[in-house]
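Visitor: Have a peek at protein-v3.txt (compact mmCIF, C-alpha atoms).
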```txt
# COMPACT_ATOMS: atom_id res chain seq x y z
CA MET A 49 7.00 -4.09 -32.92
CA VAL A 50 9.94 -6.46 -32.63
CA TYR A 51 9.32 -10.06 -33.74
CA PHE A 52 11.12 -13.15 -32.49
CA PRO A 53 11.72 -16.56 -34.05
CA SER A 54 8.65 -18.77 -33.60
CA TYR A 55 10.50 -21.44 -31.63
CA ILE A 56 11.51 -18.85 -28.99
CA LEU A 57 7.94 -17.67 -28.59
CA ILE A 58 6.63 -21.26 -28.43
CA PHE A 59 9.17 -22.13 -25.74
CA PHE A 60 8.29 -18.97 -23.80
CA CYS A 61 4.55 -19.77 -23.94
CA ILE A 62 5.11 -23.37 -22.74
CA PHE A 63 7.41 -22.05 -19.98
CA CYS A 64 4.78 -19.55 -18.84
CA SER A 65 1.99 -22.14 -18.99
CA ILE A 66 3.88 -24.50 -16.68
CA PHE A 67 4.48 -21.82 -14.09
CA ASN A 68 0.97 -20.43 -14.41
CA SER A 69 -0.25 -23.90 -13.44
CA LEU A 70 2.13 -23.96 -10.48
CA ALA A 71 0.92 -20.54 -9.41
CA LYS A 72 -2.72 -21.55 -9.58
CA ASN A 73 -2.26 -24.82 -7.68
CA ASN A 74 0.28 -23.81 -5.07
CA GLY A 75 0.38 -20.04 -5.00
CA PHE A 76 3.57 -18.04 -4.83
CA SER A 77 5.24 -15.18 -2.97
CA VAL A 78 7.28 -12.11 -3.96
CA GLU A 79 9.37 -9.61 -2.03
CA LEU A 80 8.09 -6.26 -0.84
CA ILE A 81 10.91 -3.76 -0.40
CA HIS A 82 10.31 -1.03 2.15
CA ARG A 83 11.59 2.39 1.10
CA ASP A 84 13.89 2.60 4.15
CA SER A 85 15.19 -0.98 4.12
CA TYR A 86 18.76 -1.92 3.26
CA LYS A 87 17.56 -3.41 -0.04
CA SER A 88 15.76 -0.26 -1.10
CA PRO A 89 17.22 1.89 -3.89
CA PHE A 90 16.17 4.87 -1.74
CA TYR A 91 18.04 3.71 1.37
CA ASN A 92 19.91 6.56 3.04
CA SER A 93 22.58 5.34 5.44
CA ALA A 94 22.97 8.85 6.87
CA GLN A 95 19.41 8.92 8.19
CA THR A 96 18.87 7.98 11.82
CA LYS A 97 15.95 5.85 12.91
CA SER A 98 14.33 8.88 14.56
CA GLN A 99 14.52 10.79 11.26
CA GLN A 100 12.99 7.86 9.39
CA VAL A 101 10.07 7.59 11.82
CA ILE A 102 9.46 11.36 11.81
CA ASN A 103 9.43 11.27 7.99
CA ALA A 104 6.94 8.40 8.17
CA VAL A 105 4.59 10.57 10.24
CA HIS A 106 4.80 13.37 7.66
CA ARG A 107 4.15 10.92 4.80
CA SER A 108 1.13 9.59 6.70
CA ILE A 109 -0.35 13.07 6.95
CA ASN A 110 0.19 13.66 3.22
CA ARG A 111 -1.33 10.29 2.37
CA ASP A 112 -4.31 10.91 4.66
CA ASN A 113 -4.94 14.30 3.03
CA HIS A 114 -5.04 12.65 -0.38
CA MET A 115 -7.31 9.76 0.60
CA ASN A 116 -9.79 12.07 2.31
CA ARG A 117 -9.56 15.10 0.04
CA LYS A 118 -13.07 14.45 -1.32
CA PHE A 119 -14.35 14.74 2.24
CA SER A 120 -12.53 18.01 3.00
CA PRO A 121 -14.76 20.71 4.53
CA THR A 122 -13.17 23.17 2.08
CA GLY A 123 -13.94 20.94 -0.88
CA ASN A 124 -10.35 21.26 -2.10
CA LYS A 125 -9.60 18.13 -4.06
CA ASN A 126 -5.99 19.08 -4.71
CA GLU A 127 -4.74 19.37 -1.13
CA SER A 128 -2.18 16.61 -1.41
CA SER A 129 -1.04 13.62 -3.38
CA SER A 130 -0.86 9.98 -2.35
CA ILE A 131 2.76 9.89 -3.49
CA ARG A 132 3.68 13.48 -2.71
CA ASP A 133 7.02 13.94 -0.97
CA SER A 134 7.61 10.19 -0.91
CA ASN A 135 8.63 7.28 -3.04
CA GLY A 136 5.83 5.11 -1.72
CA GLU A 137 6.09 2.84 1.31
CA TYR A 138 6.76 -0.51 -0.37
CA LEU A 139 8.26 -1.25 -3.76
CA MET A 140 7.45 -4.32 -5.81
CA SER A 141 9.60 -5.63 -8.64
CA TYR A 142 7.98 -7.15 -11.72
CA SER A 143 8.60 -7.52 -15.44
CA ILE A 144 6.38 -6.33 -18.25
CA GLY A 145 6.21 -7.31 -21.91
CA THR A 146 7.85 -9.90 -24.18
CA PRO A 147 10.75 -10.24 -23.69
CA PRO A 148 10.29 -9.35 -19.98
CA PHE A 149 11.38 -5.82 -19.01
CA LYS A 150 12.12 -5.30 -15.29
CA VAL A 151 10.31 -2.51 -13.44
CA TYR A 152 10.09 -1.22 -9.84
CA SER A 153 6.66 0.13 -8.86
CA ILE A 154 4.90 1.31 -5.72
CA PHE A 155 2.76 -1.42 -4.11
CA ASP A 156 -0.52 0.22 -3.08
CA THR A 157 -3.72 -1.26 -1.62
CA GLY A 158 -5.30 2.20 -1.86
CA SER A 159 -5.38 2.43 -5.67
CA ASN A 160 -6.39 0.26 -8.61
CA ILE A 161 -4.72 0.96 -11.90
CA MET A 162 -1.30 -0.49 -12.69
CA TRP A 163 0.70 2.11 -14.62
CA LEU A 164 4.31 2.81 -15.53
CA GLN A 165 6.28 5.38 -17.50
CA CYS A 166 6.55 4.56 -21.20
CA LYS A 167 8.38 5.71 -24.31
CA PRO A 168 7.82 7.84 -26.27
CA TYR A 169 6.97 10.35 -23.55
CA ASN A 170 5.79 13.92 -23.68
CA ILE A 171 6.68 14.65 -20.05
CA CYS A 172 8.22 12.25 -17.56
CA TYR A 173 9.73 12.48 -14.12
CA ASN A 174 13.37 11.64 -13.48
CA GLN A 175 13.40 7.83 -13.55
CA THR A 176 16.99 6.61 -13.26
CA SER A 177 16.24 3.07 -14.45
CA PRO A 178 15.44 2.34 -18.13
CA ILE A 179 11.94 3.36 -19.26
CA PHE A 180 9.70 0.75 -20.86
CA ASN A 181 9.40 0.99 -24.64
CA PRO A 182 6.21 -0.80 -25.79
CA SER A 183 7.38 -0.89 -29.43
CA LYS A 184 9.98 -3.47 -28.38
CA SER A 185 7.42 -5.83 -26.85
CA SER A 186 5.67 -8.41 -29.03
CA SER A 187 2.81 -8.79 -26.52
CA TYR A 188 1.90 -5.10 -26.18
CA LYS A 189 -1.48 -4.01 -27.53
CA ASN A 190 -3.35 -0.72 -27.17
CA ILE A 191 -7.01 -0.94 -26.13
CA PRO A 192 -9.27 0.62 -28.80
CA CYS A 193 -11.22 3.69 -27.75
CA SER A 194 -14.38 2.18 -29.20
CA SER A 195 -14.06 -0.99 -27.10
CA ARG A 196 -16.39 -1.95 -24.26
CA THR A 197 -13.35 -2.17 -21.98
CA CYS A 198 -12.44 1.46 -22.58
CA LYS A 199 -16.00 2.62 -22.00
CA SER A 200 -16.17 0.71 -18.69
CA VAL A 201 -13.16 2.52 -17.19
CA GLU A 202 -13.56 5.91 -15.53
CA ASP A 203 -11.57 8.93 -16.68
CA THR A 204 -10.84 7.67 -20.20
CA THR A 205 -10.90 9.61 -23.45
CA CYS A 206 -9.60 9.09 -26.99
CA PHE A 207 -6.34 10.08 -28.58
CA SER A 208 -7.29 12.64 -31.18
CA ASP A 209 -5.33 11.06 -34.01
CA LYS A 210 -6.02 7.36 -33.50
CA ASP A 211 -8.41 4.86 -31.99
CA THR A 212 -6.53 4.43 -28.68
CA CYS A 213 -8.11 4.51 -25.22
CA GLU A 214 -6.43 7.18 -23.09
CA TYR A 215 -6.52 6.97 -19.27
CA THR A 216 -5.92 9.75 -16.76
CA VAL A 217 -5.18 9.42 -13.03
CA ASP A 218 -5.01 12.70 -11.13
CA TYR A 219 -3.60 12.32 -7.62
CA GLY A 220 -3.99 16.04 -7.01
CA HIS A 221 -1.51 18.83 -6.23
CA GLY A 222 0.23 18.43 -9.60
CA THR A 223 0.83 14.68 -9.49
CA LYS A 224 -0.75 13.09 -12.54
CA THR A 225 -0.32 10.34 -15.13
CA LYS A 226 -1.86 10.16 -18.58
CA GLY A 227 -1.34 7.71 -21.42
CA ALA A 228 -2.55 4.68 -23.34
CA LEU A 229 -4.69 2.01 -21.70
CA SER A 230 -3.10 -1.21 -22.93
CA ILE A 231 -2.82 -4.98 -22.67
CA GLU A 232 0.50 -6.59 -21.72
CA THR A 233 2.11 -9.67 -20.20
CA LEU A 234 3.02 -9.46 -16.50
CA THR A 235 5.86 -11.62 -15.17
CA LEU A 236 6.71 -12.07 -11.48
CA SER A 237 9.79 -13.64 -9.89
CA SER A 238 8.80 -15.58 -6.79
CA THR A 239 10.85 -15.99 -3.63
CA SER A 240 11.28 -19.69 -4.55
CA ALA A 241 13.14 -18.61 -7.73
CA SER A 242 10.32 -19.65 -10.06
CA ILE A 243 8.88 -17.38 -12.75
CA VAL A 244 5.13 -16.78 -13.01
CA SER A 245 3.65 -15.09 -16.08
CA PHE A 246 0.17 -13.68 -16.72
CA PRO A 247 -0.88 -12.59 -20.24
CA LYS A 248 -3.42 -9.93 -21.19
CA ILE A 249 -3.11 -7.72 -18.10
CA MET A 250 -4.55 -4.22 -18.44
CA ILE A 251 -1.99 -1.50 -17.71
CA GLY A 252 -1.62 2.22 -18.11
CA CYS A 253 1.31 3.14 -20.35
CA GLY A 254 2.07 6.65 -19.11
CA HIS A 255 3.33 9.13 -21.70
CA THR A 256 2.70 12.29 -19.64
CA ASN A 257 3.68 11.91 -15.99
CA THR A 258 4.20 14.73 -13.52
CA LEU A 259 5.00 14.79 -9.80
CA SER A 260 4.42 17.58 -7.29
CA TYR A 261 7.91 17.12 -5.85
CA GLU A 262 11.44 16.67 -7.12
CA TYR A 263 12.15 12.99 -7.75
CA LYS A 264 15.15 10.99 -8.84
CA GLY A 265 15.02 7.22 -8.56
CA PRO A 266 14.34 3.90 -10.30
CA SER A 267 10.65 3.36 -9.52
CA SER A 268 8.11 3.64 -12.32
CA GLY A 269 4.46 4.18 -11.46
CA VAL A 270 2.10 2.25 -9.19
CA ILE A 271 0.78 -1.30 -9.06
CA GLY A 272 -2.71 -1.07 -7.58
CA PHE A 273 -4.04 -3.76 -5.22
CA GLY A 274 -7.39 -2.11 -4.46
CA LYS A 275 -10.69 -3.89 -4.96
CA GLY A 276 -11.76 -2.06 -8.12
CA HIS A 277 -12.13 -4.05 -11.34
CA MET A 278 -8.87 -2.66 -12.80
CA SER A 279 -6.72 -3.69 -9.84
CA ILE A 280 -4.18 -6.45 -10.30
CA VAL A 281 -6.07 -8.63 -7.79
CA LYS A 282 -9.27 -8.50 -9.83
CA GLN A 283 -7.42 -8.98 -13.10
CA LEU A 284 -5.56 -12.08 -11.90
CA GLY A 285 -8.91 -13.29 -10.56
CA SER A 286 -9.32 -17.07 -10.43
CA SER A 287 -5.61 -17.71 -11.04
CA ILE A 288 -4.95 -16.43 -7.49
CA GLU A 289 -8.47 -17.20 -6.21
CA GLU A 290 -8.90 -13.45 -5.62
CA LYS A 291 -6.64 -13.74 -2.58
CA PHE A 292 -3.44 -12.07 -1.48
CA SER A 293 -1.71 -11.63 1.85
CA TYR A 294 1.41 -9.97 3.21
CA PHE A 295 3.53 -9.77 6.31
CA LEU A 296 5.40 -6.62 7.14
CA ILE A 297 8.53 -6.46 9.27
CA ASP A 298 9.87 -3.50 11.25
CA GLU A 299 12.17 -2.15 8.58
CA TYR A 300 13.42 0.69 10.80
CA SER A 301 15.03 -1.73 13.27
CA SER A 302 15.98 -4.58 10.94
CA LYS A 303 19.64 -4.76 9.98
CA SER A 304 19.39 -7.98 8.00
CA ASN A 305 18.46 -8.96 4.46
CA ILE A 306 15.01 -10.09 5.61
CA THR A 307 12.24 -8.36 3.69
CA SER A 308 8.48 -8.19 3.83
CA LYS A 309 6.57 -10.64 1.62
CA LEU A 310 3.50 -10.56 -0.60
CA ASN A 311 1.65 -13.85 -1.18
CA PHE A 312 -0.82 -14.93 -3.87
CA GLY A 313 -3.37 -17.74 -4.24
CA ASP A 314 -2.95 -20.75 -1.97
CA ALA A 315 0.19 -19.20 -0.50
CA ALA A 316 -1.99 -16.31 0.67
CA THR A 317 -4.29 -18.49 2.77
CA VAL A 318 -4.33 -17.48 6.44
CA THR A 319 -5.11 -20.43 8.75
CA GLY A 320 -4.60 -21.51 12.35
CA ASP A 321 -6.25 -21.40 15.76
CA ASP A 322 -5.09 -17.83 16.39
CA VAL A 323 -6.52 -16.38 13.15
CA VAL A 324 -9.23 -13.74 13.44
CA SER A 325 -11.24 -12.33 10.55
CA THR A 326 -13.35 -9.25 9.97
CA PRO A 327 -15.65 -8.43 7.05
CA MET A 328 -14.77 -5.89 4.37
CA VAL A 329 -17.26 -3.04 4.54
CA GLU A 330 -18.81 -1.73 1.35
CA ILE A 331 -18.86 2.07 1.21
CA ILE A 332 -20.58 3.78 -1.68
CA GLY A 333 -20.32 7.43 -2.67
CA ASN A 334 -17.74 10.06 -3.64
CA HIS A 335 -15.81 7.46 -5.70
CA GLN A 336 -14.47 5.86 -2.52
CA GLU A 337 -15.65 2.32 -3.35
CA ASP A 338 -12.21 0.92 -4.15
CA TYR A 339 -10.49 1.24 -0.76
CA TYR A 340 -10.61 -1.53 1.85
CA TYR A 341 -12.86 -0.55 4.76
CA LEU A 342 -13.33 -2.18 8.17
CA ASN A 343 -15.64 -1.60 11.13
CA LEU A 344 -13.54 -0.40 14.08
CA LYS A 345 -15.48 -0.88 17.32
CA ALA A 346 -13.03 0.18 20.03
CA PHE A 347 -9.50 0.35 21.44
CA SER A 348 -8.56 -1.10 24.80
CA MET A 349 -5.52 -1.05 27.09
CA GLY A 350 -5.44 -2.83 30.42
CA ASN A 351 -9.00 -2.76 31.74
CA LYS A 352 -9.79 0.50 29.93
CA ARG A 353 -11.89 0.34 26.79
CA ILE A 354 -12.87 3.30 24.61
CA LYS A 355 -15.54 3.06 21.92
CA TYR A 356 -14.41 4.32 18.54
CA ARG A 357 -16.33 7.18 17.02
CA GLY A 358 -14.98 8.75 13.85
CA PHE A 359 -16.41 10.85 11.04
CA LYS A 360 -19.35 10.10 8.78
CA PRO A 361 -18.42 11.66 5.42
CA LYS A 362 -21.28 13.31 3.57
CA GLY A 363 -22.41 11.70 0.35
CA THR A 364 -21.53 8.15 1.45
CA ASN A 365 -23.08 5.31 3.43
CA ALA A 366 -20.07 5.21 5.76
CA ALA A 367 -20.76 4.56 9.44
CA MET A 368 -19.18 6.48 12.32
CA HIS A 369 -16.91 3.48 13.02
CA SER A 370 -15.69 2.90 9.42
CA VAL A 371 -11.92 3.06 8.80
CA VAL A 372 -9.57 2.36 5.90
CA ILE A 373 -6.88 -0.32 6.16
CA ASP A 374 -3.94 0.85 4.05
CA THR A 375 -0.37 -0.24 3.32
CA GLY A 376 0.55 3.18 1.94
CA THR A 377 0.05 5.03 5.27
CA PRO A 378 2.77 4.30 7.85
CA VAL A 379 1.18 5.44 11.14
CA THR A 380 -2.45 4.99 12.15
CA MET A 381 -4.47 8.19 11.63
CA LEU A 382 -7.28 8.91 14.10
CA PRO A 383 -9.79 11.78 14.31
CA ARG A 384 -8.60 14.45 16.73
CA HIS A 385 -11.55 14.15 19.11
CA PHE A 386 -11.09 10.38 19.46
CA SER A 387 -7.29 10.58 19.60
CA HIS A 388 -7.49 12.85 22.66
CA ARG A 389 -9.67 10.30 24.46
CA LEU A 390 -7.35 7.42 23.56
CA GLU A 391 -4.28 9.33 24.72
CA SER A 392 -6.03 10.04 28.01
CA VAL A 393 -6.48 6.29 28.55
CA VAL A 394 -2.85 5.56 27.64
CA LYS A 395 -1.65 8.20 30.13
CA LYS A 396 -3.63 6.54 32.92
CA VAL A 397 -2.46 3.02 32.14
CA VAL A 398 1.22 3.50 31.24
CA LYS A 399 3.18 4.19 34.43
CA LEU A 400 6.36 5.63 32.95
CA LYS A 401 7.97 9.05 33.01
CA ARG A 402 6.91 11.16 30.03
CA PHE A 403 9.03 13.32 27.73
CA GLN A 404 7.89 16.52 26.06
CA ASP A 405 8.38 16.47 22.27
CA ASP A 406 9.53 19.97 21.36
CA THR A 407 9.03 19.30 17.63
CA GLY A 408 5.29 18.73 18.07
CA THR A 409 5.41 15.48 16.09
CA TYR A 410 4.39 13.19 18.97
CA ASN A 411 1.88 13.76 21.75
CA LEU A 412 2.98 10.87 23.96
CA CYS A 413 6.68 10.16 24.57
CA TYR A 414 8.00 7.94 27.36
CA ASN A 415 11.31 7.47 29.10
CA THR A 416 11.99 3.75 28.93
CA THR A 417 14.52 1.02 28.41
CA SER A 418 14.08 -2.06 26.25
CA GLN A 419 11.71 -3.53 28.88
CA GLN A 420 8.66 -4.09 26.72
CA SER A 421 6.61 -5.33 29.69
CA ASN A 422 6.32 -1.73 30.87
CA PHE A 423 3.79 -1.14 28.09
CA PRO A 424 0.42 -2.89 28.48
CA VAL A 425 -0.97 -4.42 25.30
CA LEU A 426 -2.98 -2.07 23.10
CA THR A 427 -5.82 -3.96 21.41
CA VAL A 428 -7.80 -2.86 18.37
CA HIS A 429 -11.33 -4.27 18.27
CA PHE A 430 -12.71 -4.74 14.77
CA SER A 431 -16.03 -6.47 14.04
CA GLY A 432 -15.34 -10.11 14.95
CA ALA A 433 -11.57 -9.61 15.30
CA ASP A 434 -9.49 -8.37 18.23
CA ILE A 435 -5.96 -7.37 17.13
CA LYS A 436 -3.32 -7.12 19.85
CA LEU A 437 -0.83 -4.72 18.33
CA ASP A 438 2.78 -5.78 18.21
CA TYR A 439 4.75 -3.78 20.77
CA LYS A 440 6.58 -1.84 18.05
CA GLY A 441 3.35 -1.35 16.13
CA ALA A 442 1.93 0.75 18.96
CA PHE A 443 5.01 2.19 20.68
CA ASP A 444 8.32 2.40 18.91
CA SER A 445 11.66 3.76 20.06
CA LEU A 446 13.14 6.76 18.30
CA TYR A 447 16.39 5.91 20.05
CA GLU A 448 17.37 4.02 23.17
CA GLY A 449 15.42 5.25 26.17
CA LEU A 450 12.67 7.10 24.26
CA ASN A 451 9.45 5.49 23.02
CA VAL A 452 6.53 7.20 21.29
CA LEU A 453 2.90 6.35 20.55
CA LEU A 454 2.75 5.66 16.79
CA PHE A 455 -0.59 7.34 16.07
CA ALA A 456 -1.28 10.73 14.50
CA GLN A 457 -4.28 13.06 14.60
CA LYS A 458 -6.45 14.22 11.73
CA ASN A 459 -9.15 16.86 11.33
CA TYR A 460 -11.66 15.23 8.98
CA GLY A 461 -12.40 12.10 6.98
CA LEU A 462 -12.21 8.42 7.79
CA GLY A 463 -9.55 7.01 10.11
CA ILE A 464 -6.73 4.92 8.62
CA PHE A 465 -5.27 1.71 10.08
CA GLY A 466 -1.65 2.13 8.96
CA ASN A 467 1.07 -0.34 8.02
CA MET A 468 3.10 0.03 11.25
CA ALA A 469 0.11 -1.29 13.24
CA GLN A 470 0.21 -4.35 10.96
CA TRP A 471 3.83 -5.23 11.78
CA ASN A 472 4.33 -8.90 12.63
CA TYR A 473 0.92 -9.96 11.43
CA LEU A 474 0.10 -12.09 8.42
CA VAL A 475 -2.72 -10.06 6.87
CA GLY A 476 -4.88 -11.83 4.29
CA TYR A 477 -7.37 -10.32 1.84
CA ASP A 478 -10.00 -12.67 0.43
CA LEU A 479 -12.04 -10.68 -2.08
CA ALA A 480 -14.32 -13.64 -2.89
CA LYS A 481 -15.36 -14.06 0.74
CA LYS A 482 -15.02 -10.31 1.42
CA ILE A 483 -13.00 -10.77 4.61
CA ILE A 484 -9.62 -9.66 5.92
CA SER A 485 -7.81 -12.02 8.30
CA PHE A 486 -5.02 -11.45 10.81
CA LYS A 487 -2.59 -13.96 12.27
CA PRO A 488 0.17 -12.98 14.74
CA THR A 489 3.42 -13.98 13.01
CA ASP A 490 7.12 -13.51 13.68
CA CYS A 491 7.73 -12.14 10.22
CA SER A 492 11.51 -12.05 10.71
CA LYS A 493 11.54 -15.85 10.33
CA TYR A 494 10.17 -15.83 6.78
```
Could you render the structure from this file as structure tokens?
Guide:
Amino acid sequence: MVYFPSYILIFFCIFCSIFNSLAKNNGFSVELIHRDSYKSPFYNSAQTKSQQVINAVHRSINRDNHMNRKFSPTGNKNESSSIRDSNGEYLMSYSIGTPPFKVYSIFDTGSNIMWLQCKPYNICYNQTSPIFNPSKSSSYKNIPCSSRTCKSVEDTTCFSDKDTCEYTVDYGHGTKTKGALSIETLTLSSTSASIVSFPKIMIGCGHTNTLSYEYKGPSSGVIGFGKGHMSIVKQLGSSIEEKFSYFLIDEYSSKSNITSKLNFGDAATVTGDDVVSTPMVEIIGNHQEDYYYLNLKAFSMGNKRIKYRGFKPKGTNAAMHSVVIDTGTPVTMLPRHFSHRLESVVKKVVKLKRFQDDTGTYNLCYNTTSQQSNFPVLTVHFSGADIKLDYKGAFDSLYEGLNVLLFAQKNYGLGIFGNMAQWNYLVGYDLAKKIISFKPTDCSKY
């Protein structure tokens, strides 16, 4: 370990304490960087919008396969990986350790553990930014294998040569991370230029990390925002009142420096006359407890309403109308039998000339101009909350004159309410009250 003069550490602790108090009383916000935005380290100026959207559909299918692999009729748990063939949907910047070491990680509401690549490593993927070295942090501490904390976490073992708790996360299809379960200090830079620090956060320090695809980039690991006890939301707990919210902008059309935002604590509160809320559904079985589930009652367009009926996975208490809400899946994924019925309704209501998609990516394509009024509002009916999808969250243009329905079909498992459908909504998660709230918001103004 590296040690610092006592006066530096005292100053740093006082500094962190002040901003921790600010965070608890007022909340704070940080940037979320979409993988295809101008601010993203993965931004490819040569890609057209149509290519970006097509890639988003393919990533959605991969993500869906991972999330539902336990429910596969074939029982194949290694069909796909949640980060296979992608660099995640949204990146979040944070710092770890003392002194703070900057890291980019994938923001994910569909996972729990917060992990990053660490030195010394046995195997690592090609991270172009510096890799965290815990020996240079004065606040780093391994969790003992004999501790109650280690025993309470799934998929942990012991290092053979020392009393260190070892975690393993297997995303399937060759994507895996393994290393030391540890305690560290997490530091966040807010959009108001303040610094917020949280000590004693449990992280996974990955020493063996493999991906199922060729990767070269700066991101290191995942920061999980699921509702399991290891997620960052649960760990920050009362300091953020177990609340977070976000608003997502249409990154494919935005040509400005505006980015999506992630809010904590009081800043995450969703209020106003136009706010609607729906309860989080508890699903037990097949280790699926940590996702966020909602009851989806129906879709409607014009005066046509179609009752939602999905899958009921074996081995769980899931209902036929249970769906996952997920930031890591771009397009909304619907069971094939229901998707056909929904598309039939859209065909009857939308009075525009249709295009045939020769690539097979989209089932419904329309010849249109920028006249948004040609598309009736598509409403998603959750328990207690009717969500009128933003125009671009339901139909988006691949290029001028061609709009497509931004849903994709699936063969098994629970449906997924994707991040594109959440565009231009402030979406709030209150884990204490077990509700998710939606407020229509022009996110480009924030």
Visitor: For A:Val398, which residue out of A:Ile280, A:Ile191, A:Cys413, A:Ile271 is the nearest one, using only C-alpha atoms?
Guide: A:Cys413
Visitor: Which is closer to A:Ala346 than all the others in A:His429, A:Lys264, A:Lys291, A:His277, using all atoms listed in the file?
Guide: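 Using all atoms listed in the file, the shortest distance to A:Ala346 belongs to A:His429.
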Visitor: What's the separation between atom CA of A:Lys226 and atom CA of A:Tyr138, in Å to one decimal place?
Guide: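 Here the two named atoms are 22.8 Å from each other.
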Visitor: Can I get the residues of stretch 364-453 of chain A within 12 Å of stretch 479-483 of chain A, each with the closest pair of atoms and their distance in Å to one decimal, using only C-alpha atoms, sorted chain first then ascending number, as CSV?
Guide:
```
residue,atom,partner,partner_atom,distance
A:Phe430,CA,A:Ile483,CA,11.8
A:Ser431,CA,A:Ile483,CA,10.8
A:Gly432,CA,A:Ile483,CA,10.6
A:Ala433,CA,A:Ile483,CA,10.8
```
Visitor: For the atom pair atom CA of A:Thr233 and atom CA of A:Ile484, what is the interatomic distance in Å to one decimal place?
Guide: 28.6 Å
Visitor: Quick one, how far is atom CA of A:Pro266 from atom CA of A:Tyr300?
Guide: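 Atom-to-atom, atom CA of A:Pro266 and atom CA of A:Tyr300 are spaced 21.4 Å apart.
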Visitor: Can I get the residues of stretch 279-301 of chain A within 12 Å of stretch 446-467 of chain A, each with the closest pair of atoms and their distance in Å to one decimal, using all atoms listed in the file, sorted chain first then ascending number, as a tab-separated table?
Guide:
```
residue	atom	partner	partner_atom	distance
A:Tyr294	CA	A:Asn467	CA	10.8
A:Phe295	CA	A:Asn467	CA	9.9
A:Leu296	CA	A:Asn467	CA	7.7
A:Ile297	CA	A:Asn467	CA	9.7
A:Asp298	CA	A:Asn467	CA	9.9
A:Glu299	CA	A:Asn467	CA	11.3
A:Tyr300	CA	A:Leu446	CA	9.7
A:Ser301	CA	A:Leu446	CA	10.0
```
Visitor: Excluding stretch 306-322 of chain A and its own-chain neighbours fewer than 4 positions away, which residues fall within 7 Å of it when counting all atoms listed in the file? Please give them as a compact mmCIF listing (two decimals) with C-alpha atoms, keeping the file's coordinate frame.
Guide:
```
# COMPACT_ATOMS: atom_id res chain seq x y z
CA LYS A 72 -2.72 -21.55 -9.58
CA ASN A 74 0.28 -23.81 -5.07
CA GLY A 75 0.38 -20.04 -5.00
CA PHE A 76 3.57 -18.04 -4.83
CA SER A 77 5.24 -15.18 -2.97
CA VAL A 78 7.28 -12.11 -3.96
CA GLU A 79 9.37 -9.61 -2.03
CA LEU A 80 8.09 -6.26 -0.84
CA ILE A 81 10.91 -3.76 -0.40
CA ILE A 288 -4.95 -16.43 -7.49
CA GLU A 289 -8.47 -17.20 -6.21
CA LYS A 291 -6.64 -13.74 -2.58
CA PHE A 292 -3.44 -12.07 -1.48
CA SER A 293 -1.71 -11.63 1.85
CA TYR A 294 1.41 -9.97 3.21
CA PHE A 295 3.53 -9.77 6.31
CA LEU A 296 5.40 -6.62 7.14
CA ILE A 297 8.53 -6.46 9.27
CA GLY A 476 -4.88 -11.83 4.29
CA SER A 485 -7.81 -12.02 8.30
CA LYS A 487 -2.59 -13.96 12.27
CA SER A 492 11.51 -12.05 10.71
```
Visitor: Here is a test: counting only C-alpha atoms, which residue of A:Cys172, A:Leu284, A:Leu164, A:Leu474 is nearest to A:Glu262?
Guide: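 Looking only at the distances to A:Glu262, the closest residue turns out to be A:Cys172.
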Visitor: Nearest residue to A:Ser370 out of A:Thr409, A:Pro327, A:Ser348, A:Asn160, using all atoms listed in the file?
Guide: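 Nearest to A:Ser370: A:Pro327.
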Visitor: Please identify all polymer residues within 12 Å of A:Ser183, counting all atoms listed in the file, omitting same-chain residues fewer than 4 positions from it, and present them as an mmCIF file with C-alpha atoms, in the frame of the given file.
Guide:
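Okay, out.cif is ready:
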```cif
data_model
loop_
_atom_site.group_PDB
_atom_site.id
_atom_site.type_symbol
_atom_site.label_atom_id
_atom_site.label_comp_id
_atom_site.auth_asym_id
_atom_site.auth_seq_id
_atom_site.Cartn_x
_atom_site.Cartn_y
_atom_site.Cartn_z
ATOM 1 C CA MET A 49 7.000 -4.090 -32.920
ATOM 2 C CA VAL A 50 9.940 -6.460 -32.630
ATOM 3 C CA TYR A 51 9.320 -10.060 -33.740
ATOM 4 C CA GLY A 145 6.210 -7.310 -21.910
ATOM 5 C CA THR A 146 7.850 -9.900 -24.180
ATOM 6 C CA PRO A 147 10.750 -10.240 -23.690
ATOM 7 C CA CYS A 166 6.550 4.560 -21.200
ATOM 8 C CA LYS A 167 8.380 5.710 -24.310
ATOM 9 C CA PRO A 168 7.820 7.840 -26.270
ATOM 10 C CA ILE A 179 11.940 3.360 -19.260
ATOM 11 C CA SER A 187 2.810 -8.790 -26.520
ATOM 12 C CA TYR A 188 1.900 -5.100 -26.180
ATOM 13 C CA LYS A 189 -1.480 -4.010 -27.530
ATOM 14 C CA ASN A 190 -3.350 -0.720 -27.170
ATOM 15 C CA GLU A 232 0.500 -6.590 -21.720
ATOM 16 C CA CYS A 253 1.310 3.140 -20.350
#
```
Visitor: Give the answer as one residue: which of A:Ser230, A:Gln100, A:Ser286, A:Thr216 has the shortest atom-to-atom distance to A:Thr197, using only C-alpha atoms?
Guide: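 Closest to A:Thr197, using only C-alpha atoms: A:Ser230.
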Visitor: Centre and edge lengths of an axis-aligned box around all listed atoms of stretch 424-430 of chain A, with 8 Å added on each side, are to be given in Å to one decimal, as JSON.
Guide:
```
{"center_x": -6.1, "center_y": -3.4, "center_z": 21.6, "size_x": 29.1, "size_y": 18.7, "size_z": 29.7}
```
Visitor: Using all atoms listed in the file, which of the listed residues (A:Asn116, A:Pro247, A:Ser268, A:Pro178) sits closest to A:Phe359?
Guide: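 Using all atoms listed in the file, the shortest distance to A:Phe359 belongs to A:Asn116.
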